[in-house]
file run_20.cif (mmCIF, C-alpha atoms and all ligand atoms)
data_input
loop_
_atom_site.label_atom_id
_atom_site.label_comp_id
_atom_site.auth_asym_id
_atom_site.auth_seq_id
_atom_site.Cartn_x
_atom_site.Cartn_y
_atom_site.Cartn_z
CA MET A 389 1.06 15.61 -13.40
CA ASN A 390 1.75 13.05 -10.70
CA GLU A 391 1.60 9.69 -12.48
CA ASP A 392 0.72 7.76 -9.33
CA ARG A 393 -2.50 9.62 -8.70
CA TYR A 394 -4.35 8.04 -11.61
CA SER A 395 -2.53 4.71 -11.76
CA ARG A 396 -5.54 2.61 -10.73
CA GLN A 397 -7.55 4.31 -13.43
CA THR A 398 -5.01 4.07 -16.25
CA LEU A 399 -4.58 0.36 -15.45
CA LEU A 400 -8.18 -0.09 -16.43
CA LYS A 401 -8.45 -1.22 -20.05
CA GLU A 402 -11.54 0.95 -20.54
CA ILE A 403 -9.53 4.10 -19.78
CA GLY A 404 -5.78 3.44 -20.10
CA SER A 405 -3.17 6.17 -20.45
CA GLU A 406 -4.68 7.43 -23.72
CA GLY A 407 -8.08 7.77 -22.09
CA GLN A 408 -6.52 9.54 -19.14
CA LYS A 409 -4.91 12.10 -21.46
CA LYS A 410 -8.32 12.87 -22.93
CA ILE A 411 -9.90 13.08 -19.47
CA SER A 412 -7.19 15.53 -18.40
CA LYS A 413 -8.00 17.77 -21.36
CA GLY A 414 -11.74 17.67 -20.72
CA LYS A 415 -13.99 20.25 -19.15
CA ALA A 416 -17.11 19.21 -17.26
CA VAL A 417 -19.88 21.50 -16.06
CA VAL A 418 -21.95 20.13 -13.18
CA VAL A 419 -25.28 21.95 -12.92
CA GLY A 420 -26.41 21.76 -9.31
CA CYS A 421 -24.45 21.14 -6.15
CA GLY A 422 -26.83 19.01 -4.14
CA ALA A 423 -26.61 15.26 -3.60
CA LEU A 424 -25.88 14.41 -7.24
CA GLY A 425 -23.60 17.41 -7.74
CA THR A 426 -21.41 16.82 -4.69
CA HIS A 427 -20.92 13.16 -5.62
CA ALA A 428 -20.40 13.83 -9.32
CA SER A 429 -17.99 16.74 -8.92
CA SER A 430 -15.90 14.80 -6.41
CA LEU A 431 -15.58 11.87 -8.82
CA LEU A 432 -14.74 14.12 -11.78
CA VAL A 433 -12.08 16.01 -9.85
CA ARG A 434 -10.59 12.83 -8.39
CA ALA A 435 -10.46 11.30 -11.89
CA GLY A 436 -8.37 14.23 -13.13
CA VAL A 437 -10.86 15.93 -15.44
CA GLY A 438 -8.94 19.02 -16.57
CA GLU A 439 -11.56 21.49 -15.46
CA THR A 440 -14.72 21.03 -13.42
CA VAL A 441 -17.23 23.84 -13.02
CA ILE A 442 -19.99 23.51 -10.43
CA VAL A 443 -23.01 25.80 -10.53
CA ASP A 444 -25.53 26.40 -7.74
CA SER A 445 -27.22 29.43 -6.20
CA ASP A 446 -28.24 27.80 -2.91
CA THR A 447 -26.71 27.73 0.54
CA VAL A 448 -26.18 24.62 2.65
CA ASP A 449 -29.08 23.67 4.92
CA ILE A 450 -29.02 21.12 7.72
CA THR A 451 -31.49 18.92 5.78
CA ASN A 452 -28.85 18.61 3.02
CA LEU A 453 -26.19 16.97 5.19
CA HIS A 454 -27.59 13.43 5.11
CA ARG A 455 -26.85 13.05 1.40
CA GLN A 456 -24.69 15.96 0.12
CA THR A 457 -21.32 14.46 0.83
CA LEU A 458 -19.02 17.45 0.41
CA PHE A 459 -20.74 19.35 3.21
CA GLY A 460 -20.44 19.18 6.98
CA GLU A 461 -21.95 21.24 9.78
CA ARG A 462 -19.47 24.09 9.32
CA ALA A 463 -20.81 24.65 5.81
CA ILE A 464 -24.39 25.39 6.95
CA GLY A 465 -25.48 28.79 5.66
CA LYS A 466 -22.60 29.06 3.19
CA ASN A 467 -22.85 29.04 -0.60
CA LYS A 468 -22.73 25.50 -1.90
CA ALA A 469 -20.70 26.36 -5.02
CA GLU A 470 -18.13 28.27 -2.95
CA VAL A 471 -17.69 25.53 -0.33
CA ALA A 472 -17.56 22.86 -3.04
CA GLU A 473 -14.87 24.75 -4.97
CA ARG A 474 -12.64 24.97 -1.89
CA LEU A 475 -13.05 21.32 -0.93
CA LEU A 476 -12.63 20.04 -4.47
CA ARG A 477 -9.37 22.00 -4.77
CA GLU A 478 -8.14 20.26 -1.63
CA ILE A 479 -8.97 16.90 -3.20
CA ASN A 480 -6.96 17.59 -6.35
CA SER A 481 -4.77 20.66 -6.81
CA GLU A 482 -3.63 19.51 -10.27
CA VAL A 483 -6.93 20.32 -11.99
CA GLU A 484 -8.99 23.46 -12.43
CA VAL A 485 -12.07 23.83 -10.26
CA LYS A 486 -14.54 26.68 -10.41
CA GLY A 487 -17.68 27.26 -8.39
CA ILE A 488 -20.29 29.62 -9.84
CA ILE A 489 -22.97 30.99 -7.51
CA THR A 490 -25.95 31.33 -9.78
CA ARG A 491 -29.10 29.63 -10.97
CA VAL A 492 -29.01 28.42 -14.57
CA THR A 493 -31.49 30.41 -16.67
CA THR A 494 -32.24 30.79 -20.37
CA GLU A 495 -30.16 33.99 -20.22
CA ASN A 496 -26.95 32.54 -18.76
CA ALA A 497 -27.00 28.82 -19.66
CA GLU A 498 -25.09 29.07 -22.92
CA GLU A 499 -22.40 31.27 -21.40
CA ILE A 500 -21.94 28.81 -18.52
CA ILE A 501 -21.66 25.67 -20.64
CA ALA A 502 -19.85 27.11 -23.69
CA GLY A 503 -16.54 25.39 -24.31
CA SER A 504 -17.27 22.39 -22.09
CA SER A 505 -16.83 18.79 -23.22
CA VAL A 506 -19.75 17.43 -21.21
CA VAL A 507 -22.48 18.73 -18.91
CA VAL A 508 -23.63 16.68 -15.93
CA ASP A 509 -27.18 17.28 -14.72
CA ALA A 510 -27.37 17.49 -10.96
CA THR A 511 -30.43 19.73 -10.78
CA ASP A 512 -33.58 18.85 -8.94
CA ASN A 513 -36.22 20.21 -11.28
CA MET A 514 -37.45 19.87 -14.84
CA ASP A 515 -37.38 23.61 -15.57
CA ALA A 516 -33.60 23.64 -15.19
CA ARG A 517 -33.22 20.41 -17.15
CA PHE A 518 -35.20 21.83 -20.08
CA ILE A 519 -32.86 24.84 -20.15
CA VAL A 520 -29.77 22.60 -19.94
CA ASN A 521 -31.18 20.36 -22.67
CA ASP A 522 -31.81 23.20 -25.09
CA ALA A 523 -28.52 24.97 -24.38
CA CYS A 524 -26.59 21.71 -24.86
CA VAL A 525 -28.42 20.69 -28.04
CA LYS A 526 -27.96 24.21 -29.42
CA LEU A 527 -24.23 24.35 -28.63
CA ARG A 528 -23.79 20.66 -29.56
CA ILE A 529 -22.44 19.63 -26.16
CA PRO A 530 -23.26 16.14 -24.82
CA TRP A 531 -25.04 16.14 -21.48
CA ILE A 532 -25.98 13.50 -18.95
CA TYR A 533 -29.47 13.67 -17.47
CA GLY A 534 -29.75 12.34 -13.94
CA GLY A 535 -32.52 12.33 -11.39
CA ALA A 536 -32.98 10.74 -7.98
CA VAL A 537 -35.95 10.77 -5.64
CA ALA A 538 -37.17 8.39 -2.90
CA THR A 539 -35.46 5.08 -3.82
CA SER A 540 -35.38 5.37 -7.59
CA GLY A 541 -33.21 7.21 -10.09
CA MET A 542 -32.66 7.66 -13.80
CA VAL A 543 -29.67 8.38 -16.03
CA PHE A 544 -29.76 9.17 -19.73
CA SER A 545 -26.91 10.34 -21.94
CA ILE A 546 -27.94 12.90 -24.53
CA LEU A 547 -25.95 13.66 -27.66
CA PRO A 548 -26.59 16.79 -29.77
CA ASP A 549 -28.47 14.92 -32.51
CA GLY A 550 -30.79 13.28 -29.99
CA PRO A 551 -32.76 11.58 -28.76
CA CYS A 552 -32.90 14.41 -26.23
CA LEU A 553 -34.86 15.03 -23.05
CA ARG A 554 -37.61 16.78 -25.01
CA CYS A 555 -38.07 13.73 -27.23
CA ILE A 556 -39.24 12.10 -23.98
CA PHE A 557 -40.92 15.13 -22.38
CA PRO A 558 -42.00 17.55 -25.15
CA LYS A 559 -43.56 19.96 -22.65
CA LEU A 560 -42.72 20.94 -19.11
CA PRO A 561 -44.70 18.80 -16.68
CA PRO A 562 -47.21 20.88 -14.64
CA LYS A 563 -45.71 22.46 -11.51
CA ARG A 564 -45.59 20.10 -8.53
CA SER A 565 -46.76 17.14 -10.63
CA LEU A 566 -43.51 15.25 -10.09
CA PRO A 567 -42.39 14.05 -6.65
CA THR A 568 -39.39 15.83 -5.09
CA CYS A 569 -37.05 14.92 -2.23
CA ASP A 570 -38.76 17.68 -0.20
CA ASP A 571 -42.13 15.92 -0.56
CA VAL A 572 -41.34 12.21 -0.44
CA GLY A 573 -37.76 11.99 0.85
CA ILE A 574 -34.76 10.11 -0.52
CA VAL A 575 -32.60 7.23 0.67
CA ASN A 576 -29.11 8.67 0.99
CA SER A 577 -27.45 5.75 -0.79
CA LEU A 578 -29.30 6.53 -4.04
CA PRO A 579 -27.55 9.73 -5.21
CA SER A 580 -24.12 8.09 -5.15
CA ILE A 581 -25.42 5.35 -7.47
CA VAL A 582 -27.03 7.80 -9.88
CA ALA A 583 -24.08 10.25 -9.84
CA SER A 584 -21.64 7.37 -10.36
CA LEU A 585 -23.54 6.20 -13.44
CA GLU A 586 -23.66 9.78 -14.73
CA VAL A 587 -19.92 10.27 -14.25
CA THR A 588 -19.14 6.96 -15.93
CA GLU A 589 -21.17 8.15 -18.91
CA ALA A 590 -19.26 11.44 -18.81
CA PHE A 591 -15.94 9.53 -18.90
CA LYS A 592 -17.09 7.79 -22.08
CA VAL A 593 -17.95 11.12 -23.65
CA LEU A 594 -14.58 12.60 -22.63
CA ILE A 595 -12.71 9.58 -24.01
CA GLY A 596 -14.69 9.68 -27.26
CA GLU A 597 -16.65 6.48 -26.76
CA ASP A 598 -20.36 6.12 -27.32
CA PRO A 599 -22.32 6.53 -24.10
CA THR A 600 -25.02 4.03 -23.14
CA PRO A 601 -27.88 4.68 -25.58
CA GLU A 602 -30.69 3.61 -23.26
CA LEU A 603 -32.37 5.39 -20.35
CA MET A 604 -31.13 3.62 -17.23
CA VAL A 605 -33.55 3.24 -14.33
CA VAL A 606 -32.26 2.02 -10.99
CA ASP A 607 -33.95 1.33 -7.68
CA ALA A 608 -31.56 1.43 -4.75
CA TRP A 609 -33.99 -0.37 -2.44
CA SER A 610 -35.02 -3.31 -4.61
CA GLY A 611 -31.75 -3.47 -6.55
CA ASP A 612 -33.64 -3.47 -9.85
CA VAL A 613 -31.87 -1.99 -12.87
CA GLN A 614 -33.65 -1.46 -16.17
CA LYS A 615 -32.55 -0.12 -19.52
CA ILE A 616 -35.25 1.51 -21.62
CA ARG A 617 -34.81 2.25 -25.30
CA VAL A 618 -35.57 5.84 -26.25
CA THR A 619 -36.35 6.81 -29.82
CA ARG A 620 -35.75 10.18 -31.36
CA ASN A 621 -38.82 12.24 -32.18
CA PRO A 622 -38.15 13.84 -35.60
CA ASP A 623 -40.64 16.59 -34.65
CA CYS A 624 -38.90 17.27 -31.32
CA VAL A 625 -39.01 21.01 -30.57
CA SER A 626 -35.38 20.92 -29.47
CA CYS A 627 -33.23 18.37 -31.36
CA GLY A 628 -35.66 18.22 -34.34
CA LYS A 629 -36.90 21.76 -34.95
CA HIS A 630 -34.20 23.67 -33.05
CA ASP A 631 -36.88 25.92 -31.57
CA PHE A 632 -34.94 26.39 -28.35
CA TYR A 633 -36.34 27.63 -25.02
CA ASN A 634 -39.88 27.41 -26.37
CA TYR A 635 -41.63 25.66 -23.51
CA ASP A 636 -45.20 26.59 -24.35
CA GLY A 637 -45.26 24.42 -27.48
ZN ZN A 701 -35.23 15.78 -28.97
#
call {"tool": "encode", "arguments": {"input": "run_20.cif", "output": "structure tokens", "more": "lines below"}}
Ligand SMILES: [Zn+2]
result
Amino acid sequence: MNEDRYSRQTLLKEIGSEGQKKISKGKAVVVGCGALGTHASSLLVRAGVGETVIVDSDTVDITNLHRQTLFGERAIGKNKAEVAERLLREINSEVEVKGIITRVTTENAEEIIAGSSVVVDATDNMDARFIVNDACVKLRIPWIYGGAVATSGMVFSILPDGPCLRCIFPKLPPKRSLPTCDDVGIVNSLPSIVASLEVTEAFKVLIGEDPTPELMVVDAWSGDVQKIRVTRNPDCVSCGKHDFYNYDG
């Protein structure tokens, strides 16, 4: 390992050389390779996380380019996970990088995340987040929920004993009830803020520190940042009853 590469990070008292060793042994799975996923995977790879896996079934579209920072015009029409893997390897050849072209489902989620130290949510829909939540709680892998739409985003670190996403949302919200970037747009400065907070939480998990316990809400336009306390629901279908992938309640 080239010592110089991480020198500005090991200087930091929050990480240090001991923290760096743990980061270098960690494995992160980034679910989704859109705006959050391109930012998050780049930061994880640059930080020297031992292995980063990025999962997405989509191809790059011209409407993605304004915010999905790994992609340029040459990537249009190509698989996001494949392009990301190649570019991330160019950023840091000392770590493992793997792109998986698939959509996370109840059938493949556990296989994809098994053996990872932390999972970073970079999906754009609640169906996928529910699957990630249940797979992570079941396999006892910490995961970082992140969402960004319009000017506002959220980050919440979830540990296997909860509170989990389904303590907040017991049931899947009705289809099309939540705004998406396709409907209402997104300011392109927002995903880097949300992904940066997610990755910082992931560093804490990798180092063995407690992540931020509150749900963080940030508005890129107004500059407002809020922290909201979340309590565990002892009757939670997922972290309470361990009735995984039951979304009908
Ligand atoms: Zn829960």
call {"tool": "closest_residue", "arguments": {"input": "run_20.cif", "among": "A:Ser626, A:Ser580, A:Ser445, A:Asn521", "to": "A:Asp509", "atoms": "all atoms listed in the file"}}
result
A:Asn521
call {"tool": "residues_near_ligand", "arguments": {"input": "run_20.cif", "ligand": "ligand ZN 701 (chain A)", "cutoff": "10 Å", "atoms": "all atoms listed in the file", "output": "list in words"}}
result
Asn521, Asp522, Val525, Ile546, Leu547, Pro548, Asp549, Gly550, Pro551, Cys552, Leu553, Arg554, Cys555, Ile556, Phe557, Pro558, Thr619, Arg620, Asn621, Pro622, Asp623, Cys624, Val625, Ser626, Cys627, Gly628, Lys629 and His630 of chain A
call {"tool": "closest_residue", "arguments": {"input": "run_20.cif", "among": "A:Ile529, A:Met514, A:Leu476, A:Val417", "to": "A:Ser430", "atoms": "only C-alpha atoms"}}
result
A:Leu476
call {"tool": "residues_around", "arguments": {"input": "run_20.cif", "residues": "A:Pro579", "least_positions_apart": "4", "cutoff": "6 Å", "atoms": "only C-alpha atoms", "output": "list in words"}}
result
Ala423, Leu424 and Ala583 of chain A
call {"tool": "residues_around", "arguments": {"input": "run_20.cif", "residues": "stretch 482-495 of chain A", "least_positions_apart": "6", "cutoff": "9 Å", "atoms": "all atoms listed in the file", "output": "ChimeraX atom specification"}}
result
/A:389-390,412,415,419-420,433,436-446,467-474,476,516,519-520,522-523,633
call {"tool": "closest_residue", "arguments": {"input": "run_20.cif", "among": "A:His427, A:Ala536, A:Asn634, A:Glu478", "to": "A:Thr457", "atoms": "all atoms listed in the file"}}
result
A:His427
call {"tool": "atom_distance", "arguments": {"input": "run_20.cif", "atom1": "atom CA of A:Ala428", "atom2": "atom CA of A:Gly414"}}
result
14.8 Å
call {"tool": "residues_around", "arguments": {"input": "run_20.cif", "residues": "A:His454", "least_positions_apart": "2", "cutoff": "12 Å", "atoms": "all atoms listed in the file", "output": "JSON, numbers by chain"}}
result
{"A": [422, 423, 448, 449, 450, 451, 452, 456, 457, 458, 459, 460, 461, 573, 574, 575, 576, 577, 578, 579]}
call {"tool": "closest_residue", "arguments": {"input": "run_20.cif", "among": "A:Val582, A:Leu432, A:Leu560, A:Ile500", "to": "A:Leu527", "atoms": "all atoms listed in the file"}}
result
A:Ile500
call {"tool": "residues_around", "arguments": {"input": "run_20.cif", "residues": "stretch 604-606 of chain A", "least_positions_apart": "6", "cutoff": "7 Å", "atoms": "all atoms listed in the file", "output": "short mmCIF file (atom, residue, chain, number, x, y, z; two decimals) with C-alpha atoms, in the coordinates of the input"}}
result
data_model
loop_
_atom_site.label_atom_id
_atom_site.label_comp_id
_atom_site.auth_asym_id
_atom_site.auth_seq_id
_atom_site.Cartn_x
_atom_site.Cartn_y
_atom_site.Cartn_z
CA SER A 540 -35.38 5.37 -7.59
CA GLY A 541 -33.21 7.21 -10.09
CA MET A 542 -32.66 7.66 -13.80
CA VAL A 543 -29.67 8.38 -16.03
CA PHE A 544 -29.76 9.17 -19.73
CA ASP A 612 -33.64 -3.47 -9.85
CA VAL A 613 -31.87 -1.99 -12.87
CA GLN A 614 -33.65 -1.46 -16.17
CA LYS A 615 -32.55 -0.12 -19.52
CA ILE A 616 -35.25 1.51 -21.62
#
